[in-house]
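Data file: my_file_13.cif. Format and content: mmCIF, C-alpha atoms.
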```cif
data_structure
loop_
_atom_site.label_atom_id
_atom_site.label_comp_id
_atom_site.auth_asym_id
_atom_site.auth_seq_id
_atom_site.Cartn_x
_atom_site.Cartn_y
_atom_site.Cartn_z
CA MET A 1 79.82 -104.98 -153.69
CA ALA A 2 77.99 -102.00 -155.22
CA LEU A 3 77.60 -99.03 -152.94
CA ILE A 4 74.28 -98.01 -154.51
CA ALA A 5 71.55 -100.62 -154.81
CA PRO A 6 69.60 -101.07 -158.07
CA GLY A 7 66.76 -98.64 -158.67
CA GLY A 8 68.34 -95.78 -156.76
CA ALA A 9 67.69 -97.28 -153.33
CA LEU A 10 70.22 -96.76 -150.56
CA PRO A 11 70.45 -98.63 -147.26
CA ARG A 12 68.13 -96.61 -145.03
CA LEU A 13 69.43 -95.34 -141.72
CA SER A 14 67.44 -93.78 -138.90
CA LEU A 15 68.14 -91.60 -135.90
CA ALA A 16 67.96 -94.80 -133.85
CA ASP A 17 71.00 -96.03 -135.76
CA ILE A 18 72.86 -92.91 -134.63
CA ASP A 19 71.79 -93.52 -131.03
CA ASP A 20 73.11 -97.10 -131.23
CA GLN A 21 76.63 -96.07 -132.20
CA ARG A 22 79.21 -97.03 -129.57
CA LEU A 23 81.67 -94.42 -128.33
CA ASP A 24 84.82 -94.41 -126.26
CA GLY A 25 87.40 -92.02 -124.93
CA LEU A 26 88.98 -91.67 -128.38
CA SER A 27 86.07 -89.43 -129.39
CA LYS A 28 86.83 -85.72 -129.07
CA GLY A 29 84.84 -84.19 -126.24
CA LEU A 30 84.29 -87.38 -124.23
CA PRO A 31 85.99 -88.26 -120.93
CA PRO A 32 88.97 -90.60 -121.22
CA GLY A 33 88.44 -94.14 -120.04
CA ILE A 34 84.86 -94.67 -121.14
CA SER A 35 84.18 -97.62 -123.42
CA GLY A 36 81.16 -98.93 -125.28
CA LEU A 37 78.89 -96.02 -124.39
CA ARG A 38 75.82 -95.76 -126.64
CA LEU A 39 75.57 -92.34 -128.21
CA GLY A 40 71.89 -92.28 -127.24
CA ASP A 41 72.81 -92.75 -123.56
CA ILE A 42 75.04 -89.70 -123.28
CA GLY A 43 72.15 -87.64 -121.96
CA THR A 44 71.60 -90.06 -119.05
CA GLN A 45 75.14 -89.87 -117.62
CA GLY A 46 74.44 -86.86 -115.40
CA TRP A 47 77.32 -84.89 -116.91
CA ASN A 48 77.54 -81.14 -116.53
CA VAL A 49 80.00 -79.00 -118.45
CA LEU A 50 80.48 -76.53 -115.60
CA ALA A 51 81.16 -79.33 -113.12
CA GLY A 52 84.18 -80.37 -115.16
CA ASP A 53 82.66 -83.72 -116.15
CA LEU A 54 83.94 -83.34 -119.73
CA PRO A 55 87.40 -82.41 -120.99
CA LEU A 56 87.69 -78.95 -122.51
CA PRO A 57 87.53 -77.59 -125.12
CA ILE A 58 83.98 -78.72 -125.73
CA ALA A 59 81.40 -77.54 -128.26
CA VAL A 60 77.91 -77.24 -126.85
CA ILE A 61 74.50 -76.39 -128.27
CA ARG A 62 72.01 -74.84 -125.89
CA GLU A 63 68.96 -76.94 -126.66
CA SER A 64 66.29 -74.45 -125.62
CA VAL A 65 67.77 -71.76 -127.86
CA LEU A 66 68.17 -74.20 -130.77
CA ARG A 67 64.51 -75.14 -130.62
CA ARG A 68 63.37 -71.54 -130.34
CA ASN A 69 65.41 -70.61 -133.41
CA SER A 70 63.89 -73.46 -135.41
CA VAL A 71 60.35 -72.51 -134.41
CA TRP A 72 61.02 -68.82 -135.11
CA MET A 73 62.19 -69.48 -138.68
CA SER A 74 59.24 -71.79 -139.29
CA ALA A 75 56.88 -69.03 -138.19
CA PHE A 76 58.75 -66.38 -140.19
CA THR A 77 58.55 -68.30 -143.46
CA ALA A 78 54.91 -69.27 -142.94
CA GLU A 79 53.83 -65.71 -142.14
CA ASN A 80 55.59 -64.32 -145.22
CA GLY A 81 54.61 -66.84 -147.89
CA LEU A 82 58.05 -68.43 -148.04
CA VAL A 83 59.49 -71.89 -147.50
CA ILE A 84 62.93 -72.89 -146.29
CA ALA A 85 65.34 -75.51 -147.57
CA PRO A 86 68.09 -75.01 -144.96
CA HIS A 87 71.64 -75.64 -146.05
CA GLY A 88 72.61 -78.95 -144.51
CA LYS A 89 76.31 -78.23 -144.93
CA THR A 90 76.06 -75.94 -141.91
CA THR A 91 75.55 -78.80 -139.45
CA MET A 92 75.72 -82.08 -141.44
CA ALA A 93 73.66 -83.53 -138.61
CA PRO A 94 70.66 -85.71 -139.51
CA GLN A 95 69.26 -85.17 -136.01
CA LEU A 96 69.05 -81.45 -136.78
CA PHE A 97 67.72 -82.08 -140.30
CA ASP A 98 64.93 -84.04 -138.61
CA LEU A 99 64.15 -81.09 -136.33
CA GLN A 100 64.08 -78.69 -139.28
CA ILE A 101 61.81 -80.94 -141.34
CA ALA A 102 59.50 -81.43 -138.36
CA ASP A 103 59.29 -77.64 -138.16
CA GLY A 104 58.22 -77.42 -141.80
CA ALA A 105 61.39 -77.33 -143.93
CA TRP A 106 60.45 -77.84 -147.61
CA ALA A 107 63.78 -79.54 -148.42
CA ILE A 108 67.36 -79.82 -147.23
CA THR A 109 70.06 -78.11 -149.30
CA VAL A 110 73.51 -79.66 -149.80
CA ALA A 111 76.70 -78.75 -151.65
CA THR A 112 78.39 -82.09 -152.39
CA ILE A 113 77.51 -85.63 -153.39
CA GLN A 114 78.62 -86.97 -150.00
CA GLN A 115 76.17 -84.58 -148.34
CA LEU A 116 73.46 -85.73 -150.75
CA GLN A 117 74.13 -89.35 -149.78
CA VAL A 118 73.79 -88.51 -146.08
CA CYS A 119 70.40 -86.94 -146.74
CA ARG A 120 69.21 -89.88 -148.81
CA GLN A 121 70.32 -92.51 -146.33
CA PHE A 122 68.61 -90.71 -143.46
CA GLY A 123 65.33 -90.44 -145.29
CA VAL A 124 65.20 -86.84 -146.55
CA ARG A 125 62.80 -86.88 -149.50
CA ARG A 126 63.55 -83.56 -151.23
CA VAL A 127 67.05 -82.11 -151.69
CA ILE A 128 68.54 -79.11 -153.45
CA LEU A 129 72.11 -79.75 -154.58
CA ALA A 130 73.20 -76.11 -154.67
CA ASN A 131 76.08 -76.81 -157.02
CA GLN A 132 76.72 -77.79 -160.62
CA PRO A 133 77.40 -81.54 -160.99
CA VAL A 134 79.95 -81.95 -163.80
CA GLY A 135 82.03 -85.03 -162.92
CA ARG A 136 81.11 -88.56 -163.94
CA GLN A 137 80.58 -89.78 -160.38
CA GLU A 138 78.62 -86.70 -159.37
CA ILE A 139 76.26 -86.82 -162.34
CA ALA A 140 75.75 -90.57 -161.92
CA ALA A 141 74.85 -90.05 -158.24
CA CYS A 142 72.26 -87.41 -159.17
CA LEU A 143 70.63 -89.62 -161.79
CA ASP A 144 70.69 -92.61 -159.47
CA ALA A 145 68.92 -90.53 -156.81
CA VAL A 146 65.96 -89.76 -159.05
CA MET A 147 65.54 -93.44 -159.91
CA ASP A 148 63.79 -93.47 -156.53
CA GLU A 149 60.48 -91.98 -157.62
CA GLY A 150 59.72 -90.86 -154.06
CA PHE A 151 62.82 -88.66 -154.00
CA ALA A 152 63.00 -85.22 -155.66
CA LEU A 153 66.39 -83.73 -156.53
CA TYR A 154 67.09 -80.20 -157.72
CA CYS A 155 70.59 -79.27 -158.90
CA LEU A 156 72.14 -76.22 -160.55
CA ALA A 157 73.40 -75.37 -164.02
CA ASP A 158 75.24 -72.23 -165.11
CA SER A 159 76.52 -73.20 -168.56
CA VAL A 160 75.26 -74.84 -171.72
CA GLU A 161 78.29 -77.16 -171.49
CA GLY A 162 77.21 -78.31 -168.03
CA VAL A 163 73.68 -78.98 -169.28
CA ALA A 164 75.12 -81.04 -172.15
CA LEU A 165 76.96 -83.26 -169.65
CA LEU A 166 73.74 -83.83 -167.68
CA ALA A 167 71.70 -84.42 -170.84
CA GLU A 168 74.14 -86.99 -172.23
CA ALA A 169 74.15 -88.91 -168.95
CA ALA A 170 70.34 -88.78 -168.81
CA ARG A 171 70.21 -90.13 -172.36
CA ARG A 172 72.30 -93.14 -171.31
CA ALA A 173 70.39 -93.68 -168.03
CA PRO A 174 66.94 -92.11 -168.44
CA PRO A 175 65.18 -91.08 -165.21
CA PRO A 176 61.57 -92.19 -164.67
CA SER A 177 59.17 -90.11 -166.74
CA GLY A 178 57.50 -88.75 -163.63
CA ASN A 179 60.69 -87.91 -161.79
CA PRO A 180 63.14 -85.99 -163.98
CA LEU A 181 66.33 -84.42 -162.72
CA ARG A 182 65.09 -80.95 -161.85
CA ILE A 183 67.44 -78.11 -162.76
CA LEU A 184 67.65 -74.57 -161.40
CA VAL A 185 69.53 -72.09 -163.58
CA GLU A 186 71.96 -70.20 -161.39
CA ILE A 187 72.21 -66.44 -161.85
CA GLY A 188 75.56 -64.93 -160.84
CA PHE A 189 77.37 -61.60 -160.99
CA MET A 190 80.76 -60.37 -162.14
CA GLY A 191 83.46 -61.20 -159.62
CA GLY A 192 81.11 -63.51 -157.74
CA ARG A 193 80.96 -67.25 -157.44
CA THR A 194 79.27 -69.60 -159.94
CA GLY A 195 76.27 -68.48 -161.98
CA ALA A 196 75.44 -67.14 -165.43
CA ARG A 197 76.83 -63.61 -165.88
CA SER A 198 74.23 -62.33 -168.37
CA ARG A 199 70.56 -62.69 -169.17
CA ALA A 200 71.38 -64.01 -172.63
CA GLU A 201 73.61 -66.72 -171.16
CA ALA A 202 70.96 -67.67 -168.57
CA MET A 203 68.27 -67.94 -171.23
CA ALA A 204 70.49 -70.13 -173.41
CA ILE A 205 70.98 -72.45 -170.44
CA ALA A 206 67.24 -72.52 -169.73
CA ARG A 207 66.48 -73.40 -173.37
CA ALA A 208 69.07 -76.18 -173.31
CA ILE A 209 67.49 -77.72 -170.21
CA SER A 210 63.97 -77.38 -171.59
CA GLY A 211 64.94 -79.29 -174.73
CA ALA A 212 66.75 -82.17 -172.97
CA ALA A 213 65.03 -85.50 -172.26
CA GLY A 214 65.21 -86.53 -168.61
CA LEU A 215 65.84 -82.98 -167.42
CA GLN A 216 63.28 -80.41 -166.31
CA LEU A 217 63.72 -76.67 -165.98
CA ALA A 218 62.37 -76.24 -162.46
CA GLY A 219 63.29 -72.62 -161.81
CA PHE A 220 66.05 -70.18 -161.03
CA GLU A 221 68.32 -69.45 -158.09
CA CYS A 222 71.14 -67.23 -156.92
CA PHE A 223 73.41 -66.79 -153.94
CA GLU A 224 73.28 -63.23 -152.66
CA GLY A 225 75.37 -63.87 -149.55
CA LEU A 226 78.65 -62.66 -151.07
CA HIS A 227 77.27 -59.13 -151.32
CA SER A 228 78.31 -56.94 -148.41
CA VAL A 229 75.48 -54.45 -148.96
CA THR A 230 71.80 -54.93 -149.62
CA ALA A 231 71.92 -52.96 -152.90
CA GLY A 232 74.10 -55.60 -154.53
CA ALA A 233 71.83 -58.38 -153.32
CA ASP A 234 68.80 -56.51 -154.64
CA ARG A 235 70.35 -56.22 -158.11
CA LEU A 236 71.13 -59.93 -158.21
CA LEU A 237 67.63 -60.86 -157.09
CA ASP A 238 66.15 -58.52 -159.71
CA ASP A 239 68.27 -60.21 -162.38
CA MET A 240 67.01 -63.64 -161.29
CA ILE A 241 63.38 -62.50 -161.36
CA ASP A 242 63.78 -60.88 -164.80
CA VAL A 243 65.20 -64.08 -166.29
CA ALA A 244 62.46 -66.15 -164.66
CA LEU A 245 59.80 -63.89 -166.18
CA ALA A 246 61.40 -64.25 -169.62
CA ALA A 247 61.57 -68.05 -169.29
CA GLU A 248 57.93 -68.17 -168.21
CA ALA A 249 56.90 -66.03 -171.20
CA GLU A 250 58.79 -68.38 -173.53
CA GLY A 251 57.13 -71.48 -172.09
CA LEU A 252 60.38 -73.15 -171.06
CA LEU A 253 59.37 -74.41 -167.62
CA GLY A 254 58.12 -77.82 -166.62
CA PRO A 255 54.64 -78.53 -165.24
CA ASP A 256 55.46 -78.02 -161.56
CA PRO A 257 55.31 -74.68 -159.73
CA MET A 258 58.44 -72.66 -160.51
CA VAL A 259 61.11 -72.57 -157.81
CA LEU A 260 62.82 -69.25 -157.10
CA SER A 261 65.51 -69.52 -154.47
CA ALA A 262 68.33 -67.62 -152.82
CA GLY A 263 70.62 -68.70 -150.13
CA GLY A 264 72.25 -66.54 -147.50
CA THR A 265 71.48 -66.19 -143.80
CA ALA A 266 72.55 -62.55 -143.61
CA LEU A 267 70.12 -61.17 -146.21
CA PHE A 268 67.10 -63.46 -146.08
CA ASP A 269 64.82 -60.47 -145.56
CA ARG A 270 65.83 -58.97 -148.90
CA VAL A 271 65.19 -62.32 -150.58
CA GLY A 272 61.71 -62.54 -149.08
CA GLU A 273 60.79 -58.95 -149.96
CA LYS A 274 61.97 -59.26 -153.57
CA LEU A 275 60.31 -62.62 -154.17
CA ASN A 276 57.05 -61.49 -152.60
CA ALA A 277 56.97 -58.39 -154.80
CA ALA A 278 57.43 -60.37 -158.05
CA SER A 279 54.35 -61.26 -160.10
CA PHE A 280 54.09 -64.41 -162.23
CA ALA A 281 51.29 -66.10 -164.11
CA ARG A 282 52.15 -69.51 -162.66
CA SER A 283 52.51 -70.76 -159.10
CA ILE A 284 55.84 -69.98 -157.43
CA VAL A 285 57.66 -71.71 -154.59
CA LYS A 286 59.80 -69.07 -152.88
CA VAL A 287 62.68 -70.91 -151.23
CA LEU A 288 65.16 -69.56 -148.70
CA ARG A 289 68.26 -71.70 -148.22
CA SER A 290 69.59 -70.10 -145.04
CA GLY A 291 71.30 -72.66 -142.84
CA CYS A 292 73.06 -70.77 -140.06
CA TYR A 293 69.82 -69.49 -138.49
CA LEU A 294 69.45 -72.74 -136.54
CA THR A 295 72.28 -72.01 -134.13
CA HIS A 296 72.86 -68.40 -135.24
CA ASP A 297 76.14 -66.86 -134.00
CA SER A 298 77.60 -64.09 -131.86
CA THR A 299 79.28 -62.01 -134.58
CA ALA A 300 78.37 -61.45 -138.25
CA TYR A 301 74.96 -63.12 -138.31
CA ALA A 302 74.01 -61.48 -135.04
CA SER A 303 74.81 -58.11 -136.62
CA ALA A 304 72.93 -59.03 -139.79
CA PHE A 305 69.86 -60.00 -137.80
CA ARG A 306 69.88 -56.66 -135.99
CA ARG A 307 69.80 -54.99 -139.39
CA ILE A 308 66.90 -57.20 -140.49
CA VAL A 309 64.90 -56.27 -137.40
CA MET A 310 65.44 -52.55 -138.06
CA GLU A 311 64.90 -52.54 -141.84
CA THR A 312 62.62 -55.29 -143.07
CA SER A 313 59.03 -54.81 -144.16
CA LEU A 314 58.32 -58.51 -143.66
CA THR A 315 56.39 -59.81 -140.68
CA LEU A 316 58.71 -60.84 -137.85
CA PRO A 317 57.39 -63.29 -135.24
CA ALA A 318 57.85 -62.51 -131.57
CA GLY A 319 61.29 -63.18 -130.18
CA GLY A 320 64.15 -63.59 -132.59
CA LEU A 321 67.26 -65.56 -133.42
CA GLU A 322 69.76 -66.12 -130.60
CA PRO A 323 73.21 -67.74 -130.44
CA ALA A 324 72.89 -71.40 -129.44
CA LEU A 325 76.41 -72.66 -130.23
CA GLU A 326 79.28 -72.10 -127.81
CA VAL A 327 82.76 -73.53 -127.27
CA TRP A 328 84.10 -73.71 -123.70
CA ALA A 329 87.75 -73.77 -122.68
CA TYR A 330 89.98 -73.43 -119.61
CA VAL A 331 92.29 -70.59 -118.71
CA GLN A 332 95.51 -72.57 -118.66
CA SER A 333 98.15 -69.88 -118.30
CA ARG A 334 98.59 -66.17 -117.56
CA PRO A 335 102.25 -65.88 -118.48
CA GLU A 336 102.45 -62.12 -119.03
CA ARG A 337 100.56 -58.92 -118.41
CA GLY A 338 97.64 -58.37 -120.72
CA ARG A 339 97.52 -61.91 -122.09
CA SER A 340 95.98 -65.20 -121.04
CA LEU A 341 96.24 -68.52 -122.84
CA LEU A 342 93.20 -70.77 -123.11
CA THR A 343 92.71 -74.36 -124.22
CA VAL A 344 90.91 -73.71 -127.51
CA GLY A 345 92.29 -73.08 -130.98
CA LYS A 346 91.82 -73.33 -134.72
CA ARG A 347 91.14 -77.06 -134.43
CA ASP A 348 88.08 -76.34 -132.29
CA ILE A 349 86.39 -73.08 -133.24
CA SER A 350 85.70 -70.96 -136.33
CA TYR A 351 87.90 -68.00 -137.15
CA ASP A 352 87.32 -67.43 -140.88
CA ALA A 353 84.56 -64.84 -140.31
CA GLY A 354 86.03 -63.12 -137.25
CA MET A 355 87.58 -64.19 -133.98
CA PRO A 356 85.51 -65.89 -131.27
CA VAL A 357 83.88 -63.69 -128.63
CA PRO A 358 84.35 -64.45 -124.90
CA LEU A 359 80.80 -64.36 -123.57
CA ARG A 360 80.92 -65.64 -120.01
CA TRP A 361 83.23 -67.17 -117.42
CA PHE A 362 82.85 -69.62 -114.55
CA ARG A 363 84.85 -70.73 -111.52
CA GLN A 364 84.11 -73.75 -109.37
CA GLY A 365 82.01 -72.59 -106.43
CA MET A 366 80.09 -69.95 -108.39
CA SER A 367 76.35 -70.54 -108.73
CA ASN A 368 76.21 -69.54 -112.40
CA PRO A 369 78.49 -68.27 -115.15
CA GLU A 370 78.93 -64.52 -115.18
CA PRO A 371 79.12 -62.22 -118.22
CA MET A 372 82.68 -61.61 -119.39
CA PRO A 373 83.74 -58.09 -118.34
CA ALA A 374 84.56 -55.63 -121.10
CA GLY A 375 88.09 -55.55 -122.45
CA HIS A 376 88.61 -59.29 -122.97
CA THR A 377 89.32 -59.86 -126.66
CA VAL A 378 90.73 -62.73 -128.66
CA LEU A 379 94.07 -61.59 -130.08
CA ALA A 380 95.05 -64.74 -131.98
CA LEU A 381 94.42 -68.44 -132.32
CA ASN A 382 97.00 -71.20 -132.71
CA ASP A 383 96.10 -74.80 -133.45
CA GLN A 384 95.25 -75.57 -129.81
CA HIS A 385 95.63 -72.24 -128.00
CA CYS A 386 93.71 -69.00 -127.73
CA HIS A 387 95.52 -65.74 -126.93
CA LEU A 388 93.03 -63.69 -124.92
CA GLY A 389 93.73 -60.03 -124.36
CA THR A 390 93.19 -59.59 -120.63
CA PRO A 391 92.73 -56.28 -118.78
CA GLU A 392 94.66 -55.54 -115.60
CA ASP A 393 91.52 -55.89 -113.49
CA SER A 394 90.40 -59.16 -115.08
CA PRO A 395 88.92 -61.68 -112.62
CA LEU A 396 90.24 -64.64 -114.63
CA GLN A 397 92.50 -67.15 -112.92
CA VAL A 398 94.20 -70.32 -114.10
CA GLY A 399 91.59 -73.09 -114.04
CA ASP A 400 88.59 -70.86 -114.77
CA MET A 401 86.27 -71.74 -117.64
CA VAL A 402 85.40 -69.36 -120.47
CA GLY A 403 82.48 -69.78 -122.86
CA PHE A 404 83.04 -68.38 -126.36
CA GLY A 405 80.46 -67.28 -128.85
CA ILE A 406 81.33 -68.18 -132.41
CA GLY A 407 81.08 -66.70 -135.87
CA HIS A 408 80.08 -68.70 -138.98
CA PRO A 409 78.59 -71.89 -137.50
CA CYS A 410 79.61 -73.96 -140.56
CA THR A 411 83.28 -73.88 -139.63
CA THR A 412 82.73 -74.72 -135.98
CA PHE A 413 80.42 -77.67 -136.68
CA ASP A 414 82.93 -79.25 -139.05
CA LYS A 415 85.53 -79.43 -136.30
CA TRP A 416 83.39 -81.72 -134.12
CA ALA A 417 81.97 -85.19 -134.67
CA LEU A 418 80.03 -84.77 -131.42
CA LEU A 419 78.47 -81.57 -130.04
CA MET A 420 76.83 -81.73 -126.64
CA LEU A 421 73.20 -80.68 -126.27
CA VAL A 422 72.95 -78.86 -122.96
CA ASP A 423 70.17 -77.37 -120.88
CA ASP A 424 70.23 -73.84 -119.52
CA ASP A 425 72.43 -74.98 -116.60
CA TYR A 426 74.88 -76.72 -118.99
CA GLY A 427 73.71 -80.17 -117.99
CA VAL A 428 74.26 -82.60 -120.88
CA ARG A 429 70.90 -83.77 -122.25
CA GLY A 430 72.13 -85.45 -125.42
CA VAL A 431 74.57 -85.16 -128.28
CA VAL A 432 74.48 -84.18 -131.94
CA ARG A 433 76.48 -86.39 -134.33
CA THR A 434 77.85 -84.79 -137.49
CA PHE A 435 78.75 -86.47 -140.83
CA PHE A 436 81.48 -84.34 -142.41
#
```

Render the structure in this file as structure tokens.
Amino acid sequence: MALIAPGGALPRLSLADIDDQRLDGLSKGLPPGISGLRLGDIGTQGWNVLAGDLPLPIAVIRESVLRRNSVWMSAFTAENGLVIAPHGKTTMAPQLFDLQIADGAWAITVATIQQLQVCRQFGVRRVILANQPVGRQEIAACLDAVMDEGFALYCLADSVEGVALLAEAARRAPPPSGNPLRILVEIGFMGGRTGARSRAEAMAIARAISGAAGLQLAGFECFEGLHSVTAGADRLLDDMIDVALAAEAEGLLGPDPMVLSAGGTALFDRVGEKLNAASFARSIVKVLRSGCYLTHDSTAYASAFRRIVMETSLTLPAGGLEPALEVWAYVQSRPERGRSLLTVGKRDISYDAGMPVPLRWFRQGMSNPEPMPAGHTVLALNDQHCHLGTPEDSPLQVGDMVGFGIGHPCTTFDKWALLMLVDDDYGVRGVVRTFF
């Protein structure tokens, strides 16, 4: 049986289909012994993380903070003439895509064909594939997607050879005349990731797209997030704008407004300032692709946002981004002075962009969690254990709970099929299902 139906249609799924999934104690994060529980009924069980109703470790999303972050970014983009196509790879959660779209997201960004399929099946109507499709299966999936004339797909190209692969496939399976495969030329930098390394190369790619049937040069994009300083990001954004101006002057673009897009969460202010300062004869859609803003974090992105608040000339709405994602664990052993072992490890929490941060602790009988006293620091993570540096005067005892703030939400989300949505008292109100 063919996976993809004729005409680009895919079997449509809804959030109700997620709610109807049946769960049992084999699912990470759920109590042992349950059977046949509807995912949509998790929020009616009366569970509370602090009461010990769920096994730890457990990943939780504080729902009130999540919603505030989504509303804040919606207001930020609207007030500054920008739109957002948040990177879906951060969460791979259609329930959160739905929230972002409801709050005005222009599109959802993905990185792989599997992620594209998730978006399509859950009804997302505009997607940026922020990668270069070059394999037979990947290119076929892109062309199949645009056979659905109600679905718009943008993908990247950074070589004439890559454009030739797309053009040949489009020649064999032409998209509808009103729905071409839209291409963004990626601008890169020496030592960086993908992307054309020179203006001449970028212009050659743009000309190749413009001359290919079934393809449309839709704009230009870059990923500035690999730069550790704003000056490097500024240079890359200037390069992208310069190439876009040259392509506009040469008449290479399709009939739609030109898309200019950049992607990181740490430097979205620089993207907005640079794009707002650029002047074009045609209409421009200025697209941020930040994804981690939705849950934010307690380390690198928190630091980056503090810089944005201090430096940006853009309008910032009241409030700001706050960490919504936490992972809770038990103190299971204090075997030696200065070190405690907790029930969380590399299988449960991100560590690629810095170690987790112990934020708060809780003991049965306390009314609320308390802030973690200074001096508690994660020393190392094993697969299932956390080595927590513990001062002599630490209040922690075996059996206490510790809530960790995370860095880089992408690599915490992908460790969990289920993340609990909790209220401000850590009562479980629902669950987010991921599709990694």

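Across the chains present, the PyMOL selection byres ((chain A and resi 52) around 12) applied to this file returns Gly29, Leu30, Pro31, Gly46, Trp47, Asn48, Val49, Leu50, Ala51, Asp53, Leu54, Pro55, Leu56, Pro57, Ile58, Trp328, Ala329, Tyr330, Phe362, Arg363, Gln364, Gly365, Gly399, Asp400, Met401, Tyr426, Gly427 and Val428 of chain A.
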
With 9 Å as the cut-off and all atoms listed in the file counted, what is the closest atom pair between each nearby residue of range 339-380 of chain A and range 385-391 of chain A? Distances in Å to one decimal, ordered by chain and number, as a Markdown table.
```
| residue | atom | partner | partner_atom | distance |
| --- | --- | --- | --- | --- |
| A:Arg339 | CA | A:Gly389 | CA | 4.8 |
| A:Ser340 | CA | A:Leu388 | CA | 5.1 |
| A:Leu341 | CA | A:His387 | CA | 5.0 |
| A:Leu342 | CA | A:Cys386 | CA | 5.0 |
| A:Thr343 | CA | A:His385 | CA | 5.2 |
| A:Val344 | CA | A:His385 | CA | 5.0 |
| A:Gly345 | CA | A:His385 | CA | 4.6 |
| A:Lys346 | CA | A:His385 | CA | 7.8 |
| A:Pro358 | CA | A:Leu388 | CA | 8.7 |
| A:Ala374 | CA | A:Pro391 | CA | 8.5 |
| A:Gly375 | CA | A:Pro391 | CA | 6.0 |
| A:His376 | CA | A:Thr390 | CA | 5.2 |
| A:Thr377 | CA | A:Gly389 | CA | 5.0 |
| A:Val378 | CA | A:Leu388 | CA | 4.5 |
| A:Leu379 | CA | A:His387 | CA | 5.4 |
| A:Ala380 | CA | A:His387 | CA | 5.2 |
```

Review point. How far is it from CA of Ser350 in chain A to CA of Glu311 in chain A, in Å with one decimal?
Key: 28.3 Å

Practice item. Rank nothing, just name the residue among A:Gly272, A:Gly25, A:Gly405, A:Pro133 nearest to Ile84 in chain A, using all atoms listed in the file. Key: A:Gly272

**Study point:** Output check: residues returned by the PyMOL selection byres ((chain A and resi 222) around 12), as an MDAnalysis selection string
**Key:** chainID A and resid 130:131 156:158 184:189 192:197 202 219:221 223:227 233:241 243:244 259:264 271 287:289

Output file for the selection above: C-alpha atoms, as a compact mmCIF listing (two decimals), in the frame of the given file:
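File written: result22.txt
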```txt
# COMPACT_ATOMS: atom_id res chain seq x y z
CA ALA A 130 73.20 -76.11 -154.67
CA ASN A 131 76.08 -76.81 -157.02
CA LEU A 156 72.14 -76.22 -160.55
CA ALA A 157 73.40 -75.37 -164.02
CA ASP A 158 75.24 -72.23 -165.11
CA LEU A 184 67.65 -74.57 -161.40
CA VAL A 185 69.53 -72.09 -163.58
CA GLU A 186 71.96 -70.20 -161.39
CA ILE A 187 72.21 -66.44 -161.85
CA GLY A 188 75.56 -64.93 -160.84
CA PHE A 189 77.37 -61.60 -160.99
CA GLY A 192 81.11 -63.51 -157.74
CA ARG A 193 80.96 -67.25 -157.44
CA THR A 194 79.27 -69.60 -159.94
CA GLY A 195 76.27 -68.48 -161.98
CA ALA A 196 75.44 -67.14 -165.43
CA ARG A 197 76.83 -63.61 -165.88
CA ALA A 202 70.96 -67.67 -168.57
CA GLY A 219 63.29 -72.62 -161.81
CA PHE A 220 66.05 -70.18 -161.03
CA GLU A 221 68.32 -69.45 -158.09
CA PHE A 223 73.41 -66.79 -153.94
CA GLU A 224 73.28 -63.23 -152.66
CA GLY A 225 75.37 -63.87 -149.55
CA LEU A 226 78.65 -62.66 -151.07
CA HIS A 227 77.27 -59.13 -151.32
CA ALA A 233 71.83 -58.38 -153.32
CA ASP A 234 68.80 -56.51 -154.64
CA ARG A 235 70.35 -56.22 -158.11
CA LEU A 236 71.13 -59.93 -158.21
CA LEU A 237 67.63 -60.86 -157.09
CA ASP A 238 66.15 -58.52 -159.71
CA ASP A 239 68.27 -60.21 -162.38
CA MET A 240 67.01 -63.64 -161.29
CA ILE A 241 63.38 -62.50 -161.36
CA VAL A 243 65.20 -64.08 -166.29
CA ALA A 244 62.46 -66.15 -164.66
CA VAL A 259 61.11 -72.57 -157.81
CA LEU A 260 62.82 -69.25 -157.10
CA SER A 261 65.51 -69.52 -154.47
CA ALA A 262 68.33 -67.62 -152.82
CA GLY A 263 70.62 -68.70 -150.13
CA GLY A 264 72.25 -66.54 -147.50
CA VAL A 271 65.19 -62.32 -150.58
CA VAL A 287 62.68 -70.91 -151.23
CA LEU A 288 65.16 -69.56 -148.70
CA ARG A 289 68.26 -71.70 -148.22
```

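When all atoms listed in the file are used to measure the gap to Leu267 in chain A, the shortest distance among A:Met420, A:Val285, A:Ala85, A:Ile308 belongs to A:Ile308.
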
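Shortest separation to Val163 in chain A among A:Leu245, A:Ile205, A:Val124, A:Ile139 occurs at residue A:Ile205, atoms counted being only C-alpha atoms.
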
Check your understanding: Residues picked by the PyMOL selection byres ((chain A and resi 149-152) around 10) here, as a list in words?
Key -> Gly7, Gly8, Ala9, Ala107, Arg120, Gly123, Val124, Arg125, Arg126, Val127, Ile128, Ala145, Val146, Met147, Asp148, Leu153, Tyr154, Pro175, Pro176, Ser177, Gly178, Asn179, Pro180, Leu181 and Arg182 of chain A

Neighbour list for Gln397 in chain A as a compact mmCIF listing (two decimals) with C-alpha atoms, in the coordinates of the input, cut-off 9 Å, all atoms listed in the file, skip fewer than 4 positions in-chain:
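Everything below was put into selection_24.txt:
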```
# COMPACT_ATOMS: atom_id res chain seq x y z
CA VAL A 331 92.29 -70.59 -118.71
CA GLN A 332 95.51 -72.57 -118.66
CA SER A 333 98.15 -69.88 -118.30
CA ARG A 334 98.59 -66.17 -117.56
CA ARG A 363 84.85 -70.73 -111.52
```
